[in-house]
Structure formats: C-alpha cells, structure tokens
Amino acid sequence: MTSTKLPISRRHFLQVGAGAITAAGMLGTTPLFASGTDVVKLQFMYPVGVSGDINRIVTGMINDFNASHEKVQVEPIYAGSYDNTEQKVMTSLGVGEPPATWLPINSALQTFLGMDALADVTAMAKADDIYQDFLPGFLSICESEEKLYGLPFQCSTPVLYYNKDLFAKAGINKAPDTWAELMETAKALTIRNGADVSQWGVTFGGGWHDWIFESFVRQNAFVPWQKDKVMFDAPEAIDALEFWVKMVKEGVMPSASTWQGSANDFMAGRTAMLYHSTGSLTNLRKSSPFEVGVAFMPKNKTYGATIGGGPILMAKNQPDTHLQASWTFARWMTNTQNQTHWCKETGYIAARKSSWEGEDLKAFVNEVPAAKVALEQAAYAGAFLQVPGYHKVREYLKSALDRTLAGEIDPTSALKDATKQANREIERLMRRRG
Amino acid sequence: MKPSFLKKYGLHAILFPVAILWISPLIWILVTSVKTRIEVFDSSSGLLPQNFIWENYPSAMSVAPFGTYMVNSFLVTGGILICQIVTISLAAYAFARLTFPFKNVIFSLFLLQIMFPIYAIFLTNFITVRELGLMNSLPAMIVPFIASGYGTFMLRQAFRQVPTELSDAAKLDGCGHLSTLWHVYLPLVRPTLIAFAIISIVTHWNDYMWPLLVTNSESVRTLPIGLGLLAKSDSGADWTRLMAATVIVISPLLLLFVIFQRRFVDSFMHAGLK
Amino acid sequence: MRFPSEKSTKESLVALAMLLPSLIFLTAFTYWPILRSLYFSFHDVMLGSNKIYFLGWENYERVLTDALFWKSFRNTAFYTLITIPAAIICALLLAVALDTKIRGVALYRSAFFYPVMIPSVAAGMVWVFLYAPGYGPINGMMDILGLPKLEWLYSSEWALPAIMIMSIWKYSGYFMLILLAALQLVPRDLYEAAKLDGVSTWHQLIHITIPLISPTIYFVVIIGILHSYQIFDYVFVMTQGGPADSTNVLTLYIYQNAFQYQDIGFASTVANMLLLFIGILIALIAATLGRRVHYLGS
C-alpha cells in the first residue's frame, strides 16, 4: 500500500486516487476470474435470515447444482445477516472483485444500481418463462424502470399472528379484518392489573416496525416512496401513524419493542397478536405452547403488504460467460422444484405460480393452512423502500415513529421532519452518483 | 493469613448471594439448552425441562462444520497469543526499564491502537490483508492483532512493580537485557501474563465481524460464525440450539480458566520476598 | 543539548530493537489505517465506489451540527461515566475478597469471570429475555422487592440503563481478573506487618492494598474507558440503537455510517472526533491519576 501515492488534485475530483482502492484491485495477485479451464467458477454470498438449518439447505441445493452442471462451479459463502452480507459484497465491490451473485434484502436494489454493480438480465428473462410464471409482486422487487436485475428467491411479508387460546378465552372466534376490528379486538384482549399491563392486545415487531408501517400505508392505498424520493408526509402515511398513536393511547399496544423481544412476547403469551415476518412462521409455530393463527394484516382502504427478503442479483463486472453462468445458477435456484423445496423447508413464500400449482405445495398448504395466507396476501404486496441510501432513510423513519409513539412529537411534524431529512439524503446520493 | 471463623463465614455470606445472582444467566443458558422449543417461553412448564433434550447439542452442531471451526478457533487464538506474548514482553520491558528518547510519545502511539475504534479501520485493513495475499486464510485473522498496545500497557505496569534490586542483581551476575527479561521479569509477573493470556484468548475466541469479512470458505472459519447462524435470525432466535451452541463455544474457555486461575495463587512475590 | 553518552545510545538501540516487532505491525494495521482515516475525513468516500471527492472541512462541519452525533456522544459519555466506575469498584471488592484462601475460591472466581467468555451475541439475546417486561425474571424480582416494573429495552428512558447493568455483569469479572493478577505482585509480608500493628481490614485496603496496586488500577481505569467501545456489540444485538436513538452510541454510529450508509468519509470523521475526545480524556487522567500512581519497583 505504501507505494501508492495519494494525489490530491486541485479540482475537487480524484478519479483513481480512491486511496488506492482501484489500484489495489488491479495489482492484486489473485486473478479476477478463474481461467484456463472450461469450468466457470462463481461465488454466491448469502445471508441466513431464518434459522441455522438454512445454511445446510442452501449448501445442499448448491451441491446439487454443481453436480448437475459440469461447466459451472458455485462456491456458497455464508455472509452473516442481511447487513453483513451487504457489507461483504460492497467491500468486495470496492476492490473490484465482486461475487458473481449475491442475495441482499430487496431494499438495497437502488443502492447497488447506484454503484453500477448490477447486470441487466431483462433480455434473458424475456427469452425465458420468467415474466409468465413469477408472481408479479415478487418480480417487481428486482425491477427498476422496466428493467430486471435479478430473480426473487426468498420472499417474506409481515402477517398477523394470533394466539388462538387467548382468542378463545376472550370469546373471539375470528381474526380482525379491518383496522377498526383490529382496534376492538386488541382492546378486548388487553389485560391490565392497575397500571401494569399483563397482556397486550397487539405488538408490532420493533426494529422492523418501519417495514410494518409501510404495510399500513399501503393499506391506505398509497406507496410512500418512488425510486428517488419518499413521501412519508402524505396524508395516507400520517393517517396510518395516527392510527398507531391511537392504539398506544388506548393502551392496547406497547409504544416500542424489539424484533427478538416481540417474538418472545408472543410465544410467552404476553401479547395476543403480533405483526411479524412470514419468515417467523415455522419458528413461532414450533415454539409456541398454543395454537398459532395466521391472518392477513387487516385492511383499511385495501389490503396491503411490504415484501422483505430478497432476490438473487448478478454482478455487472464479469465476463459474458460468467454472467451467463450466473443466470443459469439464479434461474436454477428459482426453478419450480427448488422454490417448492425452499418454501416447504423455510417458510419463505415460493415466488413461482407453478410451484403453488404443484402437488407438493398443495399438500403442504393442506397441512399448514397458514402458508396459504402468506401466498394470498402476496397478491397485495410490493417492494420495500427501494430508494438510494435506504439504511439511513429507515433510521429517520424509525426514529420518527419511535418519538411519536413515545409521545414526544405529533405524527405530522415527525413525518414531515423524516421526509425532509430522508429526501435531503437521497438527493445527496443522487448528486454524488450523477 | 488465618481469618477467624466469623470472618470466613462473613465473607461467604456476602459473596454467595452475589455469586448466585451472577451465575443465574448461565443457569438459564444451561437449562434452555436442554429444553424443547415449546418449553422455553411457556410459563406453565416451570424452570426445569420435563425431559432433557440432549438432541439440541448434535442438532446445533449440524448447522455448520463445528469441528473444523473449533480447530480453526484454536489455531487463530493460539497463534495470536504466542505472537502477542513475544511482541509485548519485549516492548513492555523497553518501556518499563530502559531510557530512550521520546519514550512517552512512543508509548502514547502504542495506546493509539486501543483508542481508535475498530470499525473505522476495517476497510483499510481489509485492503492491506488482501494485498498481502492473505484473504480467506487463517493468518488474515491473526496479523492485525499481533502487536498489542493493550498487552504492552498491562505488562509495563506489572514490570514497574518489580523491585529494581532484583534486576540489578541479575545485571551483576552478567545477565543481558534479554536474559533478565526471561529469567527475572517474566517469571515474576506470571499472574499478569496469565491474566493477559486469558483476556486475549477470550477476546479473539469470540471475534465475529473481522473473521466474517476476511474469510469465505468453511475450512478457515471460526466458531462465532457458526454461532451467528443460530443467533442472527430475522425470525426470532433459535433459542434452544443457540444456547446449546453457546455452551459448546464457551466450555473450552471455562475449562482453561478453571485450570489457569490456580496459577494465581503460588506467585513467588506474593508468597513474600527477600 | 547534551550529548548522549555511549551507554545511553546503546540503551536506545536496544530499546528500538525491542520495540521494533510491535512497531512493524502497529504501522501496518494501526497507523496506516488511522492516517487513511484522517485523509478520508476530508473527502467524500463511498464504500464500494472508487470515486473520491475532496470536501475540505465539510465532514467536520456536518459532524458538529449533527444532532444524532451529539446524542450518541451524550449516550456514550453517560454510559462510560456510570458503568466503568461501577464495574471497577465492584471488581476491586471482588478481587480483594477472592485473593484469600477461602473455600471454593476457584468457583467464585469462575462465577464472576464467566460472563466475559459468553459471546456477545448470545449474551445480548439472553438479556433480551431477562429484561422482557411481562415474563422476564428481572421484572419478577423487582415485583418481589416491591419496586415498580419497568419496560426496560422497550422504553427510551430505560433501554440504556438496562444495557449498562448488563455491562457491569459482563465486565466486573474482567477487571477483577486483572486486579487479582496485580494483587499477586504485592508482597505478603506487608500484610503480616500490618496485622501485627493491629490495622483493620478496611484500613489495610485503603492504605496498603490500593496504593500498592495503583499502577494496575490506573491501567484498569484507562482500559475501562476504552472498553466502553464494546457497548456496540450489545446495542447491535439488543436494540440496534433504538428506541428513538436512546441507545445509539458513537461506535454504533461509526459502524452505521461506514457500512450501512456507505459514508466512509463521515464515519472516519466521527472516528477521528472520538479519538480526539478519548485522547483528551486520557491525557487528563494521566495528568491527574497517573501522577499519583505508586510504583513499588521505582
């Protein structure tokens, strides 16, 4: 490193300086792409979002792939959580050695596009059955301006979980279907001893409550973002937050929680209803000492949901043969049979219509009707906050939600603040990119 | 030192409840590691499990090649420790017993290592490790930690507590600096060395972010990455297996600690000098 | 300027040789990144991109006017000023108590030290359970003691104190171990002499033990301050900085900026500011506490 000079140009622009990042990439001893043999070697970086066994399932699937494809060898690289995976991919991008394929959360789409890191696979998809067979909502998470950049692999949405025992105890026999019913049901299920609450009506999984919040806004028939700005201060969003505030003021829901904590709370019977990811279905079902009900998130103007989880994306910075191989791999991971397998093993929602029409999943749905709820709700689902710099935008939004629910600020001012801050950040990134 | 019976029991009366408080999370970890998933949060099932589900252990081990991870963890922490002991003994001796220009400035430079937040240096170190051609190898997890400002500081403080008469005597016997360090100082500060060793091992044994960033293959990865598979779940933790894996990860450390803490007792200086 | 004698020149060379192994690795893995971080802080550097723009002081102006930076700063300071003294006092008492030959000393030592060994991911998760407002044992205990139940991690008021309590649990044993090691360097005959003079246990602690291990106490205080960086691990697992940024601390803020917001320039700036604050704090401690340290050997 020491040999690389750090030129500071008088114009405020250093193309290659980059603290030697690029220079390092070019001088590195490892070849960018394996060559010399006919076998194309690819890396696939993925997070484990649901449970440890996923690592085994992914590795198993990739072993099958490698066994059945002579010319392509994929190396599976477990990269931690979604955040860790993103860091690992970005760090590799920075030194000019991106993995051929990776699996980020779908919100990161614009971020990677901003880095000019993604291969456009629209043509390959059109030559295939992609546009016909994938659920449109799910396919949309890989799309920007009519172009396709990946294939949806592990998709989830928030759903409403409820404790059937507690419902029966309170004499309620069906899950709420509208916001008004949600409020009533939550009231009926809240149990207090004086100032102490021993059982909440409903809890929204904290830490991802901005994701759940977007679902509420979508239930007001509005999507609070476009690819270059957010509109958290729209009436539909303010209305949603006002509804949340009302729930807290009525004392039927805690003003804050954590992602892990809220799942525990549900399993321990501390909350009768829970908004959490479909990805948690297996865990909640297997760990709760009562029967777990799953329902659509109640509607207001319409049903609505936000898609979490992610697509398999492919790197732009790779030779054609490698891109072709990457496509073969992504295509294979998302084929009908593998999506069926993946859905059954993990609880993620299969993204292909043909998977759901197959006998396997039909039998599975009979056995676990809850899985079907997630599929049906997916018809109302869309991508989650695909804006540049989504991490920071999420922080602004979460902070606004927390402060409002804690009673420090009113919904309108909080969301106006958050919108202003978020848009300023997005503009900064767009300017930098341009 | 012969405390009276009253004093002896008095100490227990204070220490025992505090110790119980301290180990209660460990008890919860142990108990949870042999429960069924349903029992964990079911208040009606009580603290103890109905049946001991030892199955959680092999099941936790099956999510990743824990055997390989364990060997790698030993190699990495052991490698770091050996290198550190060499670098810090030399440096600490220089700081404690030699005079040279800019001593305080250079010492402050050593402290910089612990003062600078580690996440701000990850990126540059990633590039350096890559340039050295060490990516995805065990040395990648060792080299950034070979020098230790922390260890140097700790050992310097201990060396300065060693009476100068002892080193003067060694010098009269014709010992050079290195042999004084080896024959006089290191044996005398053995408790500090052991304390440092324990701390260094524990720190690097549990390191997660850096190994995750610089390794790709399972053949070079370490235990915390296996643990991460069970903990970093977006779906709520896999409690029973996470706790089983935790027990697996900490038991070698606990064993090591129980063995080595005995060494504290029979220090030469402690027993009385002169 | 006086000329160095031959002896002192030779001693300097010996010192250099002894420092060299450390200096080589420090240069590669500490000083070089710090220099780069200094350079980055004057630029717009994006993780994953090789374009870099000169900004001048803009990042520093941004830091100083950034409300979240100051909030994280306050949280960090609050955490450090309460947790570290508490853990050290706890550790000192434990170390003195466990420097005796009481029955079961190995068990006691292990009981207080084991929290250090628990990986922070697992420890964080366990405490999420312990703090659970409804069924968590901590609130259960508060109830028995007649104290009000708290929302702990769900409340912006109590989330940080909750993490502080957990840190005391996790780090008292750590400091205890270091102090215990130092106590071994105290010659026993000093205690014997004190005993003959009829000095009480308390006076022994204040007038003999503490002065004699003062170099190590000094070390522990400084290390303790730097250890407050570790809070990152728990915040990351337990609260991700929430609710309402009440548990956001500077190390988390650096991490977020560098790896989530890809803003390496700004992250470097915050890191440099943190280094500056910590440097000043340590210099103050060295100038006050450091001067009162008693070295037996000197």
# chains A, B, ... in the order shown; residues from 1 in each chain; ligands from 1
>>> interface_residues(of="chain B", to="chain A", cutoff="9 Å", atoms="only C-alpha atoms", output="JSON, numbers by chain")
{"B": [36, 37, 38, 39, 40, 41, 42, 43, 60, 62, 63, 64, 123, 126, 127, 128, 130, 131, 132, 133, 209, 212, 213, 214, 215, 216, 217, 218, 225, 226, 227, 228, 229, 230, 231, 232, 233, 234, 235, 236, 237, 238]}
>>> closest_atom_pairs(of="chain B", to="chain C", cutoff="7 Å", atoms="only C-alpha atoms", output="tab-separated table")
residue	atom	partner	partner_atom	distance
B:Lys8	CA	C:Ile102	CA	6.9
B:Ala19	CA	C:Ala111	CA	6.1
B:Trp22	CA	C:Phe112	CA	6.5
B:Ile23	CA	C:Ala111	CA	5.9
B:Thr87	CA	C:Ser22	CA	5.5
B:Leu90	CA	C:Met18	CA	5.0
B:Ala91	CA	C:Leu19	CA	4.8
B:Ala94	CA	C:Ala15	CA	5.2
B:Leu98	CA	C:Ala15	CA	6.6
B:Thr99	CA	C:Ser12	CA	6.7
B:Phe100	CA	C:Ser12	CA	4.7
B:Gln113	CA	C:Thr30	CA	5.9
B:Ile114	CA	C:Leu226	CA	6.8
B:Met115	CA	C:Leu226	CA	6.3
B:Phe116	CA	C:Leu275	CA	5.8
B:Pro117	CA	C:Ala271	CA	6.5
B:Tyr119	CA	C:Tyr255	CA	5.9
B:Ala120	CA	C:Ser268	CA	6.1
B:Ile121	CA	C:Pro33	CA	5.3
B:Thr124	CA	C:Pro33	CA	5.4
B:Asn125	CA	C:Phe29	CA	6.2
B:Pro144	CA	C:Phe29	CA	5.5
B:Ile146	CA	C:Phe25	CA	6.7
B:Ala147	CA	C:Ser22	CA	4.8
B:Met154	CA	C:Phe219	CA	6.7
B:Gln157	CA	C:Pro215	CA	5.7
B:Arg160	CA	C:Gly297	CA	5.4
B:Gln161	CA	C:Gly297	CA	4.5
B:Val162	CA	C:Gly297	CA	4.8
B:Pro163	CA	C:Gly297	CA	3.8
B:Thr164	CA	C:Gly297	CA	5.4
B:Pro191	CA	C:Ala181	CA	4.9
B:Thr192	CA	C:Ala181	CA	5.0
B:Ala195	CA	C:Ile178	CA	6.0
B:Val202	CA	C:Met117	CA	5.8
B:Asn206	CA	C:Pro119	CA	5.4
B:Ala231	CA	C:Val121	CA	6.8
B:Thr246	CA	C:Ala122	CA	6.7
B:Ile250	CA	C:Met117	CA	6.3
B:Leu253	CA	C:Met117	CA	6.9
B:Leu254	CA	C:Tyr114	CA	6.9
B:Val258	CA	C:Ala106	CA	6.8
B:Phe264	CA	C:Ala181	CA	6.7
B:Ser267	CA	C:Gln184	CA	6.3
B:Met269	CA	C:Pro187	CA	5.5
B:His270	CA	C:Pro187	CA	4.7
B:Ala271	CA	C:Arg188	CA	5.7
B:Gly272	CA	C:Pro187	CA	4.9
B:Leu273	CA	C:Pro187	CA	6.2
>>> interface_residues(of="chain C", to="chain A", cutoff="8 Å", atoms="only C-alpha atoms", output="ChimeraX atom specification")
/C:36,45,47-55,125,128-129,132,134-135,149,153-156,238-240,242-245,259-261
>>> write_last_selection(atoms="C-alpha atoms", output="CSV table (one decimal), in the first residue's frame")
chain,number,residue,atom,x,y,z
C,36,ARG,CA,-6.1,6.9,5.8
C,45,VAL,CA,-15.6,8.5,0.1
C,47,LEU,CA,-17.9,2.2,0.4
C,48,GLY,CA,-17.8,0.2,-2.7
C,49,SER,CA,-17.0,3.0,-5.1
C,50,ASN,CA,-13.6,4.1,-6.3
C,51,LYS,CA,-14.5,7.8,-6.8
C,52,ILE,CA,-13.4,10.1,-4.2
C,53,TYR,CA,-14.1,13.9,-3.9
C,54,PHE,CA,-12.3,16.5,-1.9
C,55,LEU,CA,-14.5,18.2,0.6
C,125,MET,CA,-30.0,-12.5,23.4
C,128,VAL,CA,-33.3,-9.6,26.0
C,129,PHE,CA,-35.1,-12.4,27.6
C,132,ALA,CA,-38.7,-9.0,29.0
C,134,GLY,CA,-44.0,-9.3,31.2
C,135,TYR,CA,-42.4,-12.7,32.0
C,149,LYS,CA,-41.9,-2.9,37.0
C,153,LEU,CA,-35.5,-2.3,26.5
C,154,TYR,CA,-38.9,-1.1,25.2
C,155,SER,CA,-38.5,2.3,26.8
C,156,SER,CA,-36.3,5.1,25.6
C,238,MET,CA,-30.3,-5.9,21.6
C,239,THR,CA,-31.8,-2.6,20.4
C,240,GLN,CA,-30.0,-1.5,17.2
C,242,GLY,CA,-33.5,2.3,19.5
C,243,PRO,CA,-36.0,3.1,20.7
C,244,ALA,CA,-35.8,6.7,19.3
C,245,ASP,CA,-31.9,6.5,19.2
C,259,PHE,CA,-21.1,0.0,6.5
C,260,GLN,CA,-24.8,0.9,6.2
C,261,TYR,CA,-24.8,4.4,4.8
>>> select_by_dssp(residues="region 84-255 of chain A", states="helix (DSSP H, G or I)", output="VMD selection string")
chain A and resid 84 to 94 106 to 114 122 to 126 130 to 133 136 to 142 164 to 169 179 to 189 209 to 219 235 to 249
